[in-house]
Structure formats: structure tokens, C-alpha cells
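Data from data_26.txt: compact mmCIF, C-alpha atoms and all ligand atoms
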```txt
# COMPACT_ATOMS: atom_id res chain seq x y z
CA MET M 1 39.49 34.55 7.07
CA ASN M 2 37.37 37.61 6.36
CA PRO M 3 34.08 37.05 8.27
CA ASP M 4 32.19 39.11 5.68
CA ILE M 5 32.82 36.57 2.99
CA ASN M 6 29.80 34.43 2.63
CA VAL M 7 31.21 30.93 2.43
CA ARG M 8 28.93 28.41 0.83
CA ILE M 9 29.67 24.75 1.03
CA PHE M 10 28.06 22.50 -1.52
CA PHE M 11 27.70 18.83 -0.71
CA ALA M 12 27.49 16.51 -3.70
CA MET M 13 24.17 14.70 -3.50
CA ASN M 14 23.78 11.21 -4.94
CA TYR M 15 20.78 10.12 -6.99
CA ASP M 16 19.46 6.79 -8.16
CA ASN M 17 17.32 6.72 -11.30
CA ARG M 18 16.39 3.06 -11.17
CA PRO M 19 12.63 2.37 -10.85
CA ILE M 20 10.70 1.66 -7.65
CA GLY M 21 9.03 -1.78 -7.75
CA ILE M 22 5.50 -2.04 -6.36
CA PHE M 23 3.31 -5.08 -6.03
CA ASP M 24 -0.10 -6.22 -4.87
CA SER M 25 -2.30 -9.27 -5.29
CA GLY M 26 -4.15 -7.37 -8.00
CA ILE M 27 -4.97 -3.82 -8.95
CA GLY M 28 -5.80 -2.49 -5.44
CA GLY M 29 -2.15 -1.60 -4.93
CA LEU M 30 -2.51 0.96 -7.73
CA THR M 31 -3.89 3.26 -5.00
CA ILE M 32 -0.42 3.14 -3.41
CA ALA M 33 1.27 3.64 -6.81
CA ASP M 34 -1.00 6.67 -7.19
CA GLY M 35 0.20 8.09 -3.86
CA LEU M 36 3.83 7.56 -4.91
CA ILE M 37 3.31 9.17 -8.34
CA GLN M 38 1.57 12.21 -6.80
CA LEU M 39 4.38 12.80 -4.31
CA MET M 40 7.36 11.72 -6.42
CA PRO M 41 6.59 12.43 -10.09
CA GLN M 42 10.28 12.11 -10.94
CA GLU M 43 10.40 8.41 -9.92
CA SER M 44 10.02 5.62 -12.48
CA MET M 45 7.93 2.68 -11.33
CA ILE M 46 7.29 -0.95 -12.19
CA TYR M 47 3.97 -2.23 -10.85
CA PHE M 48 3.11 -5.92 -10.65
CA GLY M 49 -0.42 -7.10 -9.83
CA ASP M 50 -0.71 -10.82 -9.21
CA THR M 51 -4.19 -11.08 -10.72
CA GLN M 52 -3.66 -14.78 -11.39
CA HIS M 53 -3.65 -15.44 -7.64
CA LEU M 54 -6.07 -12.78 -6.38
CA PRO M 55 -7.31 -12.71 -3.62
CA TYR M 56 -4.38 -13.11 -1.24
CA GLY M 57 -6.70 -12.36 1.66
CA ASP M 58 -8.07 -15.91 1.76
CA LYS M 59 -4.73 -17.73 1.23
CA SER M 60 -2.29 -19.30 3.68
CA ALA M 61 0.84 -17.47 4.82
CA LYS M 62 3.08 -20.00 3.04
CA THR M 63 1.34 -19.46 -0.29
CA VAL M 64 1.36 -15.65 -0.06
CA GLN M 65 5.08 -15.76 0.84
CA ARG M 66 5.85 -17.92 -2.21
CA TYR M 67 4.05 -15.52 -4.55
CA ALA M 68 5.59 -12.45 -2.89
CA LEU M 69 9.13 -13.85 -3.25
CA GLY M 70 8.56 -14.68 -6.93
CA ILE M 71 7.33 -11.15 -7.63
CA SER M 72 10.20 -9.57 -5.68
CA GLU M 73 12.67 -11.57 -7.77
CA PHE M 74 10.97 -10.30 -10.95
CA LEU M 75 11.17 -6.69 -9.74
CA LEU M 76 14.84 -7.03 -8.85
CA LYS M 77 15.64 -8.64 -12.20
CA ASN M 78 14.10 -5.50 -13.68
CA ASN M 79 16.61 -3.38 -11.81
CA CYS M 80 14.32 -1.93 -9.12
CA LYS M 81 16.06 0.01 -6.36
CA ALA M 82 13.28 -0.61 -3.83
CA ILE M 83 10.24 -2.80 -3.34
CA VAL M 84 6.98 -1.39 -1.98
CA ILE M 85 4.60 -4.14 -0.85
CA ALA M 86 1.36 -2.37 -1.78
CA CYS M 87 -0.80 -5.04 -0.18
CA ASN M 88 -1.66 -5.35 3.49
CA THR M 89 -2.00 -9.11 3.33
CA ALA M 90 1.47 -9.55 1.79
CA SER M 91 2.86 -6.88 4.14
CA ALA M 92 1.54 -8.84 7.12
CA LEU M 93 2.68 -12.24 5.90
CA ALA M 94 5.74 -11.73 3.70
CA PHE M 95 7.58 -8.51 4.65
CA ASP M 96 10.14 -10.20 6.93
CA ILE M 97 10.85 -13.00 4.51
CA ILE M 98 11.39 -10.61 1.56
CA LYS M 99 13.76 -8.46 3.63
CA GLU M 100 15.69 -11.54 4.71
CA LYS M 101 15.92 -12.99 1.20
CA PHE M 102 16.93 -9.69 -0.46
CA PRO M 103 18.97 -7.77 2.11
CA GLU M 104 20.56 -5.61 -0.60
CA VAL M 105 17.30 -3.84 -1.50
CA LYS M 106 15.06 -1.39 0.36
CA VAL M 107 11.73 -3.00 1.21
CA TYR M 108 8.69 -1.06 2.45
CA ASN M 109 5.39 -2.39 3.71
CA VAL M 110 2.07 -0.56 4.05
CA ILE M 111 1.47 -1.38 7.72
CA ASP M 112 4.39 0.17 9.66
CA PRO M 113 4.00 3.77 8.39
CA VAL M 114 0.26 3.70 9.21
CA VAL M 115 0.86 2.26 12.67
CA GLU M 116 3.44 4.96 13.41
CA GLU M 117 0.99 7.64 12.24
CA VAL M 118 -1.96 6.43 14.36
CA ILE M 119 -0.04 6.12 17.59
CA GLU M 120 0.79 9.85 17.22
CA SER M 121 -2.88 10.78 17.04
CA LYS M 122 -3.52 9.95 20.74
CA LYS M 123 -6.78 8.11 20.05
CA SER M 124 -7.70 5.44 22.55
CA THR M 125 -9.72 2.93 20.52
CA ILE M 126 -8.70 2.17 16.99
CA GLY M 127 -10.60 -0.06 14.59
CA VAL M 128 -8.98 -1.99 11.75
CA ILE M 129 -10.87 -3.42 8.80
CA ALA M 130 -9.00 -5.68 6.38
CA THR M 131 -8.98 -9.05 4.63
CA ARG M 132 -9.31 -12.26 6.66
CA ALA M 133 -5.57 -13.03 6.36
CA THR M 134 -4.49 -9.57 7.53
CA ILE M 135 -6.85 -9.70 10.51
CA LYS M 136 -5.79 -13.27 11.33
CA SER M 137 -2.12 -12.19 11.34
CA ASP M 138 -3.06 -9.64 14.06
CA MET M 139 -0.20 -7.49 12.73
CA TYR M 140 -1.88 -4.09 13.18
CA ALA M 141 -2.93 -4.81 16.78
CA GLN M 142 0.47 -6.24 17.73
CA LYS M 143 2.44 -3.39 16.21
CA ILE M 144 0.19 -0.68 17.69
CA LYS M 145 0.25 -2.28 21.15
CA LYS M 146 4.00 -2.66 21.05
CA LEU M 147 4.38 1.09 20.54
CA ASN M 148 1.49 2.12 22.81
CA PRO M 149 -0.05 -0.55 25.08
CA GLN M 150 -2.76 1.94 26.21
CA ILE M 151 -4.51 1.88 22.82
CA SER M 152 -7.27 -0.71 22.31
CA VAL M 153 -7.45 -2.19 18.85
CA ILE M 154 -10.64 -3.71 17.49
CA SER M 155 -10.07 -5.75 14.31
CA LEU M 156 -12.75 -6.87 11.90
CA ALA M 157 -12.36 -8.99 8.75
CA THR M 158 -14.42 -7.52 5.91
CA PRO M 159 -13.92 -10.05 3.10
CA LEU M 160 -16.80 -8.87 0.91
CA LEU M 161 -15.28 -5.45 0.32
CA VAL M 162 -12.51 -6.48 -2.12
CA PRO M 163 -14.78 -8.35 -4.57
CA MET M 164 -17.37 -5.60 -4.19
CA ILE M 165 -14.84 -2.91 -5.19
CA GLU M 166 -13.28 -5.03 -7.94
CA GLU M 167 -16.73 -5.50 -9.46
CA GLY M 168 -17.24 -1.75 -9.53
CA PHE M 169 -19.73 -1.57 -6.68
CA HIS M 170 -18.90 1.63 -4.88
CA ASN M 171 -20.91 4.80 -4.32
CA ASN M 172 -24.13 2.91 -4.90
CA ASN M 173 -26.87 1.16 -2.89
CA VAL M 174 -25.09 -2.20 -2.85
CA SER M 175 -21.84 -0.80 -1.45
CA HIS M 176 -23.79 1.39 0.96
CA ASP M 177 -25.60 -1.65 2.43
CA ILE M 178 -22.49 -3.84 2.66
CA ILE M 179 -20.39 -1.08 4.26
CA SER M 180 -23.16 -0.22 6.75
CA SER M 181 -23.66 -3.83 7.71
CA TYR M 182 -19.94 -4.22 8.54
CA LEU M 183 -19.48 -0.87 10.26
CA SER M 184 -22.63 -1.23 12.38
CA LYS M 185 -21.21 -4.33 14.09
CA VAL M 186 -21.32 -3.83 17.82
CA GLU M 187 -17.58 -4.45 18.29
CA LEU M 188 -16.79 -1.32 16.23
CA SER M 189 -19.22 0.91 18.15
CA LYS M 190 -16.61 2.48 20.42
CA ILE M 191 -13.83 3.28 17.95
CA ASP M 192 -12.64 6.84 17.43
CA GLU M 193 -10.32 6.10 14.52
CA LEU M 194 -10.58 3.50 11.73
CA ILE M 195 -7.66 2.11 9.73
CA LEU M 196 -8.54 1.00 6.20
CA GLY M 197 -6.19 -2.00 6.25
CA CYS M 198 -6.50 -2.98 2.61
CA THR M 199 -5.17 -1.13 -0.40
CA HIS M 200 -8.52 -1.46 -2.19
CA TYR M 201 -10.37 0.50 0.47
CA PRO M 202 -9.32 4.07 -0.47
CA LEU M 203 -11.97 3.71 -3.19
CA ILE M 204 -14.68 3.55 -0.50
CA LYS M 205 -13.12 6.04 1.92
CA GLU M 206 -15.71 8.73 1.16
CA GLU M 207 -18.61 6.31 1.74
CA ILE M 208 -17.08 5.25 5.05
CA LYS M 209 -16.65 8.91 6.02
CA GLN M 210 -20.29 9.55 5.17
CA TYR M 211 -21.33 6.61 7.33
CA TYR M 212 -19.53 8.04 10.37
CA LYS M 213 -20.44 11.71 9.70
CA GLY M 214 -17.22 12.97 11.28
CA ARG M 215 -17.46 10.87 14.48
CA VAL M 216 -14.53 8.64 13.50
CA GLN M 217 -11.30 9.62 11.81
CA ILE M 218 -10.54 7.49 8.76
CA ILE M 219 -6.93 6.54 7.98
CA ASP M 220 -5.88 5.07 4.66
CA SER M 221 -2.38 4.35 3.46
CA PRO M 222 -1.47 5.91 0.05
CA THR M 223 -0.29 9.34 1.26
CA ILE M 224 1.26 8.02 4.47
CA VAL M 225 3.20 5.28 2.67
CA ALA M 226 4.33 7.64 -0.11
CA LYS M 227 5.73 10.07 2.49
CA ARG M 228 7.61 7.27 4.22
CA VAL M 229 9.16 5.99 0.98
CA SER M 230 10.06 9.48 -0.17
CA ASN M 231 11.66 10.50 3.16
CA ASP M 232 13.62 7.30 3.40
CA LEU M 233 14.91 7.39 -0.18
CA GLN M 234 15.91 11.00 0.35
CA LYS M 235 17.79 10.13 3.52
CA CYS M 236 19.66 7.38 1.67
CA GLU M 237 20.32 9.67 -1.32
CA MET M 238 18.39 7.29 -3.54
CA LEU M 239 15.81 9.63 -5.05
CA SER M 240 15.73 10.01 -8.81
CA ASN M 241 16.70 13.29 -10.46
CA SER M 242 15.35 12.28 -13.85
CA ASN M 243 12.96 14.52 -15.82
CA GLU M 244 11.34 11.56 -17.50
CA ALA M 245 9.61 9.11 -15.24
CA ASN M 246 8.66 5.87 -16.89
CA TYR M 247 5.81 3.65 -15.64
CA GLN M 248 5.24 -0.01 -16.43
CA PHE M 249 2.20 -1.90 -15.17
CA TYR M 250 2.25 -5.69 -15.28
CA VAL M 251 -0.28 -8.32 -14.21
CA SER M 252 0.09 -12.09 -14.05
CA ASP M 253 -3.28 -12.69 -15.75
CA LEU M 254 -4.73 -10.05 -18.03
CA THR M 255 -8.49 -9.99 -18.41
CA ASP M 256 -10.86 -7.40 -19.87
CA SER M 257 -12.26 -6.67 -16.44
CA PHE M 258 -8.86 -5.83 -14.89
CA GLU M 259 -8.05 -3.70 -17.91
CA ALA M 260 -11.36 -1.86 -17.54
CA SER M 261 -11.07 -1.40 -13.76
CA ALA M 262 -7.44 -0.31 -13.46
CA GLY M 263 -8.20 3.33 -14.25
CA ARG M 264 -10.51 3.61 -11.24
CA PHE M 265 -7.60 2.99 -8.85
CA ILE M 266 -5.13 5.54 -10.16
CA HIS M 267 -5.23 9.10 -11.53
CA TYR M 268 -2.50 8.39 -14.10
CA SER M 269 -4.51 8.39 -17.31
CA ASN M 270 -2.31 6.41 -19.69
CA ILE M 271 -2.40 3.18 -17.76
CA GLN M 272 -1.90 0.10 -19.87
CA LEU M 273 -1.57 -3.36 -18.32
CA ASP M 274 0.81 -5.94 -19.81
CA GLU M 275 0.79 -9.61 -18.93
CA VAL M 276 3.87 -11.38 -17.54
CA LYS M 277 3.64 -15.06 -16.70
CA LEU M 278 5.83 -15.69 -13.66
CA TRP M 279 4.31 -19.05 -12.82
CA GLY M 280 3.51 -20.44 -16.27
N1 LIG M 301 -5.14 -5.33 -1.70
C1 LIG M 301 -5.02 -6.44 -0.79
C2 LIG M 301 -4.63 -5.95 0.61
O1 LIG M 301 -4.25 -4.79 0.80
C3 LIG M 301 -6.28 -7.25 -0.66
C4 LIG M 301 -6.73 -8.01 -1.82
C5 LIG M 301 -6.57 -9.50 -1.65
O2 LIG M 301 -7.25 -10.13 -0.82
O3 LIG M 301 -5.77 -10.03 -2.37
O4 LIG M 301 -4.69 -6.71 1.54
```
Mind turning this structure into C-alpha cells?
Amino acid sequence: MNPDINVRIFFAMNYDNRPIGIFDSGIGGLTIADGLIQLMPQESMIYFGDTQHLPYGDKSAKTVQRYALGISEFLLKNNCKAIVIACNTASALAFDIIKEKFPEVKVYNVIDPVVEEVIESKKSTIGVIATRATIKSDMYAQKIKKLNPQISVISLATPLLVPMIEEGFHNNNVSHDIISSYLSKVELSKIDELILGCTHYPLIKEEIKQYYKGRVQIIDSPTIVAKRVSNDLQKCEMLSNSNEANYQFYVSDLTDSFEASAGRFIHYSNIQLDEVKLWG
């Protein structure tokens, strides 16, 4: 063969234009949908917010698992190629059970990609703030310690933050006082990195940064999770090659306040919520 001939080999790449399914207990998971849309504008998405059962953070594992399985079934009936659990509480309590029940579909949680990112950063004391159920599950601490036993993890339940954000209290005096009163707790005084372990918390990331004035690095999940999903779908040749992404946003209980708040969680401007009753 003439070595001067530039031989190019083209491999046929496969694509999958089915939507990605995303769910949360409510509208907080829209921050994760936002991260996915920013990174993968070609992907169609079906979002389901279980507003009828919000908050998950104060419910038992059994109950959260039942809701999470019902929603996963709905997403799969709607032809989703993957499920992103855009809720830390459901990621902590229902990830394994969803994977086991639906082995044919790709399932992503919001905890593992963040854990893998923080253990790379070589920090020695990491704080986690999250709902009561996520903290009780101890999932962040267990997963971090499994990968790096030298890291200390300090976990703090911050249950007032979700209702505060849902009610629109951020960047004001009320949110400032509540955030300061949690972050000034003595157990968090030695941390050098803080994981925002709830998908609502990206909305208060700037206030938390201002509180620490650069002393503590703040980690939230939307970009990290979007990268993980994108890399993995690419590896499996399951990315979409469509020019027309289509987004559907469903909730299990539609109220004026959810409708009014949804836009604060996502940059996509045409968001319209539709109600689907999965539980009657
Ligand atoms: N967005 C949920 C999470 O990430 C918290 C909201 C709830 O308690 O349902 O844990």
C-alpha cells in the first residue's frame, strides 16, 4: 500500500433520540434539568416533579422508594432512554431499587458524580448540607469514606432551606439569617469544602459563597451531573443527534405557586407545567 495515501477510517456511530427522563420530589430538580439542557441542547427531556408528595426529605425510605418506582415506570412508559434521579433524597434512598427493578435502562443519581469529584480535590474536611432523610441515610459520608478514608465528613440536616427556597426567600434578609444560623454551627467550623446535597440549593449558592468569603469551596451538582450523564451516554453511543429537542415538564399536583416558581429554577424560558395524576 502506498504510505502517502491518507487512509481515513470512518466508524459508524449510533445515536438514540429518545428523551432523557428526570425526576425530583418537586421543582428543585429543574436545576439539574437546567444543567443537562445547557450541556446537551440536542437531548429531549421529560421532567416529572412529584409536587403531590413534596417534601421527600421528611419521608421514610419505603415511601420515597414507592414514589420513585411509580415515577420511573411513568418515564419508561414514555419511552425514556435514561432516568436521572434529580433529587438527593431519592438518590440516597431509591437508586439501587430503581436500578434493580429496571435493569434495561440507564439510571443516574446525583450523589455518585459529586462524591467522585470531591475526592479528587484533596480536601481533608468536607461538609454536607441536605434534607433530614439524605443526612440520615449517611450516603455522602459512606461513599466518600469508601473512596478515601482519610477525608472527614461533617453532615448537617438543614430542613428549613427547601421550604424557604420554594417560598421565594433567597437573596434577602430572611434567607441570609437562616443560612447564617445553619452555617455558623460549630460542627461546620473546620470544613474546607461544602457539598450542597439538595437540588434546591443551587439557588442559594451565591449567598453561601458570600457567607464563606472564599474560605470554603462550594460544590453543587447540576454541572457535575450533566457531565457524567453526557460522558456516559456518549460512551454507550446513546446521545441524540436530533436538531429539535423537545421538553415536557410534568408535576403530580399543579398549583399556582409551583407554576410561578418553576422559572426561577431553570433558564429555559418557555417552561410550562402539566399535571399528571400517577396516584389518583
Ligand atoms: N430536591 C430534594 C433533594 O435534592 C429535596 C426536596 C425534598 O425534601 O423533597 O433532596
Using only C-alpha atoms and all ligand atoms, which residues of the polymer chains come no farther than 7 Å from ligand LIG 301 (chain M)? I'd like the answer as a ChimeraX atom specification.
/M:24-26,28-29,54-58,86-90,130-131,134,162,197-200
Might you pull out every residue within 12 Å of Ala33 (chain M), with all atoms listed in the file counted and same-chain residues fewer than 2 positions away left off, and present them as a PDB file with C-alpha atoms, in the coordinates of the input?
```pdb
ATOM      1  CA  ILE M  20      10.700   1.660  -7.650  1.00  0.00           C
ATOM      2  CA  GLY M  21       9.030  -1.780  -7.750  1.00  0.00           C
ATOM      3  CA  ILE M  22       5.500  -2.040  -6.360  1.00  0.00           C
ATOM      4  CA  PHE M  23       3.310  -5.080  -6.030  1.00  0.00           C
ATOM      5  CA  ASP M  24      -0.100  -6.220  -4.870  1.00  0.00           C
ATOM      6  CA  ILE M  27      -4.970  -3.820  -8.950  1.00  0.00           C
ATOM      7  CA  GLY M  28      -5.800  -2.490  -5.440  1.00  0.00           C
ATOM      8  CA  GLY M  29      -2.150  -1.600  -4.930  1.00  0.00           C
ATOM      9  CA  LEU M  30      -2.510   0.960  -7.730  1.00  0.00           C
ATOM     10  CA  THR M  31      -3.890   3.260  -5.000  1.00  0.00           C
ATOM     11  CA  GLY M  35       0.200   8.090  -3.860  1.00  0.00           C
ATOM     12  CA  LEU M  36       3.830   7.560  -4.910  1.00  0.00           C
ATOM     13  CA  ILE M  37       3.310   9.170  -8.340  1.00  0.00           C
ATOM     14  CA  GLN M  38       1.570  12.210  -6.800  1.00  0.00           C
ATOM     15  CA  LEU M  39       4.380  12.800  -4.310  1.00  0.00           C
ATOM     16  CA  MET M  40       7.360  11.720  -6.420  1.00  0.00           C
ATOM     17  CA  PRO M  41       6.590  12.430 -10.090  1.00  0.00           C
ATOM     18  CA  GLU M  43      10.400   8.410  -9.920  1.00  0.00           C
ATOM     19  CA  SER M  44      10.020   5.620 -12.480  1.00  0.00           C
ATOM     20  CA  MET M  45       7.930   2.680 -11.330  1.00  0.00           C
ATOM     21  CA  ILE M  46       7.290  -0.950 -12.190  1.00  0.00           C
ATOM     22  CA  TYR M  47       3.970  -2.230 -10.850  1.00  0.00           C
ATOM     23  CA  PHE M  48       3.110  -5.920 -10.650  1.00  0.00           C
ATOM     24  CA  GLY M  49      -0.420  -7.100  -9.830  1.00  0.00           C
ATOM     25  CA  ILE M  83      10.240  -2.800  -3.340  1.00  0.00           C
ATOM     26  CA  VAL M  84       6.980  -1.390  -1.980  1.00  0.00           C
ATOM     27  CA  ILE M  85       4.600  -4.140  -0.850  1.00  0.00           C
ATOM     28  CA  ALA M  86       1.360  -2.370  -1.780  1.00  0.00           C
ATOM     29  CA  CYS M  87      -0.800  -5.040  -0.180  1.00  0.00           C
ATOM     30  CA  VAL M 110       2.070  -0.560   4.050  1.00  0.00           C
ATOM     31  CA  THR M 199      -5.170  -1.130  -0.400  1.00  0.00           C
ATOM     32  CA  HIS M 200      -8.520  -1.460  -2.190  1.00  0.00           C
ATOM     33  CA  SER M 221      -2.380   4.350   3.460  1.00  0.00           C
ATOM     34  CA  PRO M 222      -1.470   5.910   0.050  1.00  0.00           C
ATOM     35  CA  THR M 223      -0.290   9.340   1.260  1.00  0.00           C
ATOM     36  CA  VAL M 225       3.200   5.280   2.670  1.00  0.00           C
ATOM     37  CA  ALA M 226       4.330   7.640  -0.110  1.00  0.00           C
ATOM     38  CA  VAL M 229       9.160   5.990   0.980  1.00  0.00           C
ATOM     39  CA  TYR M 247       5.810   3.650 -15.640  1.00  0.00           C
ATOM     40  CA  GLN M 248       5.240  -0.010 -16.430  1.00  0.00           C
ATOM     41  CA  PHE M 249       2.200  -1.900 -15.170  1.00  0.00           C
ATOM     42  CA  ALA M 262      -7.440  -0.310 -13.460  1.00  0.00           C
ATOM     43  CA  PHE M 265      -7.600   2.990  -8.850  1.00  0.00           C
ATOM     44  CA  ILE M 266      -5.130   5.540 -10.160  1.00  0.00           C
ATOM     45  CA  HIS M 267      -5.230   9.100 -11.530  1.00  0.00           C
ATOM     46  CA  TYR M 268      -2.500   8.390 -14.100  1.00  0.00           C
ATOM     47  CA  ILE M 271      -2.400   3.180 -17.760  1.00  0.00           C
TER      48      ILE M 271
END
```
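A straight line drawn from CA of Ile191 (chain M) to CA of His170 (chain M) is 23.4 Å long.
Relative to CA of Tyr108 (chain M), CA of Leu183 (chain M) is found at 29.2 Å.
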Ile119 (chain M): which residues within 10 Å, counting only C-alpha atoms, same-chain residues fewer than 3 positions away excluded, as a ChimeraX atom specification?
/M:114-116,122-124,126,143-145,147-148,150-151
Could you turn the residues from that selection into a file that holds C-alpha atoms, as a PDB file, keeping the file's coordinate frame?
```
ATOM      1  CA  VAL M 114       0.260   3.700   9.210  1.00  0.00           C
ATOM      2  CA  VAL M 115       0.860   2.260  12.670  1.00  0.00           C
ATOM      3  CA  GLU M 116       3.440   4.960  13.410  1.00  0.00           C
ATOM      4  CA  LYS M 122      -3.520   9.950  20.740  1.00  0.00           C
ATOM      5  CA  LYS M 123      -6.780   8.110  20.050  1.00  0.00           C
ATOM      6  CA  SER M 124      -7.700   5.440  22.550  1.00  0.00           C
ATOM      7  CA  ILE M 126      -8.700   2.170  16.990  1.00  0.00           C
ATOM      8  CA  LYS M 143       2.440  -3.390  16.210  1.00  0.00           C
ATOM      9  CA  ILE M 144       0.190  -0.680  17.690  1.00  0.00           C
ATOM     10  CA  LYS M 145       0.250  -2.280  21.150  1.00  0.00           C
ATOM     11  CA  LEU M 147       4.380   1.090  20.540  1.00  0.00           C
ATOM     12  CA  ASN M 148       1.490   2.120  22.810  1.00  0.00           C
ATOM     13  CA  GLN M 150      -2.760   1.940  26.210  1.00  0.00           C
ATOM     14  CA  ILE M 151      -4.510   1.880  22.820  1.00  0.00           C
TER      15      ILE M 151
END
```
Quick check, in Å to one decimal: how far apart do CA of Glu120 (chain M) and CA of Asn231 (chain M) lie?
17.8 Å
Counting only C-alpha atoms, the option among M:Ser252, M:Ser175, M:Ser72, M:Thr158 closest to Trp279 (chain M)
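With only C-alpha atoms as the atom set, the closest residue is M:Ser252.
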Point (5.5, -13.4, -6.4), cut-off 9 Å, counting only C-alpha atoms, residues as a list of chain:residue names:
M:Phe23, M:Ser25, M:Phe48, M:Asp50, M:Val64, M:Gln65, M:Arg66, M:Tyr67, M:Ala68, M:Leu69, M:Gly70, M:Ile71, M:Ser72, M:Glu73, M:Phe74, M:Leu278, M:Trp279
So which one's closest to Val128 (chain M), M:Leu76, M:Leu161, M:Ile111, M:Tyr140? Using only C-alpha atoms, please.
M:Tyr140
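Using all atoms listed in the file for every distance, the candidate list M:Asn79, M:Thr125, M:Ser180, M:Ser257 yields M:Thr125 as the residue closest to Ser155 (chain M).
Distances from M:Ser230, M:Ser189, M:Leu196, M:Gln52 to Tyr212 (chain M) were compared using all atoms listed in the file, and the smallest one belongs to M:Ser189.
Among the candidate residues M:Ile195, M:Cys80, M:Cys236, M:Ile179, the one lying nearest to Val216 (chain M) is M:Ile195, with distances computed using only C-alpha atoms.
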Go through M:Leu93, M:Leu239, M:Leu194, M:Glu187 and flag the residue nearest Lys136 (chain M), using all atoms listed in the file for the distances.
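The closest residue to Lys136 (chain M) is M:Leu93.
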Asn17 (chain M) environment, 7 Å, only C-alpha atoms, sequence neighbours closer than 5 positions dropped, as a list in words:
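Selected residues are Ser240, Asn241 and Ser242 of chain M.
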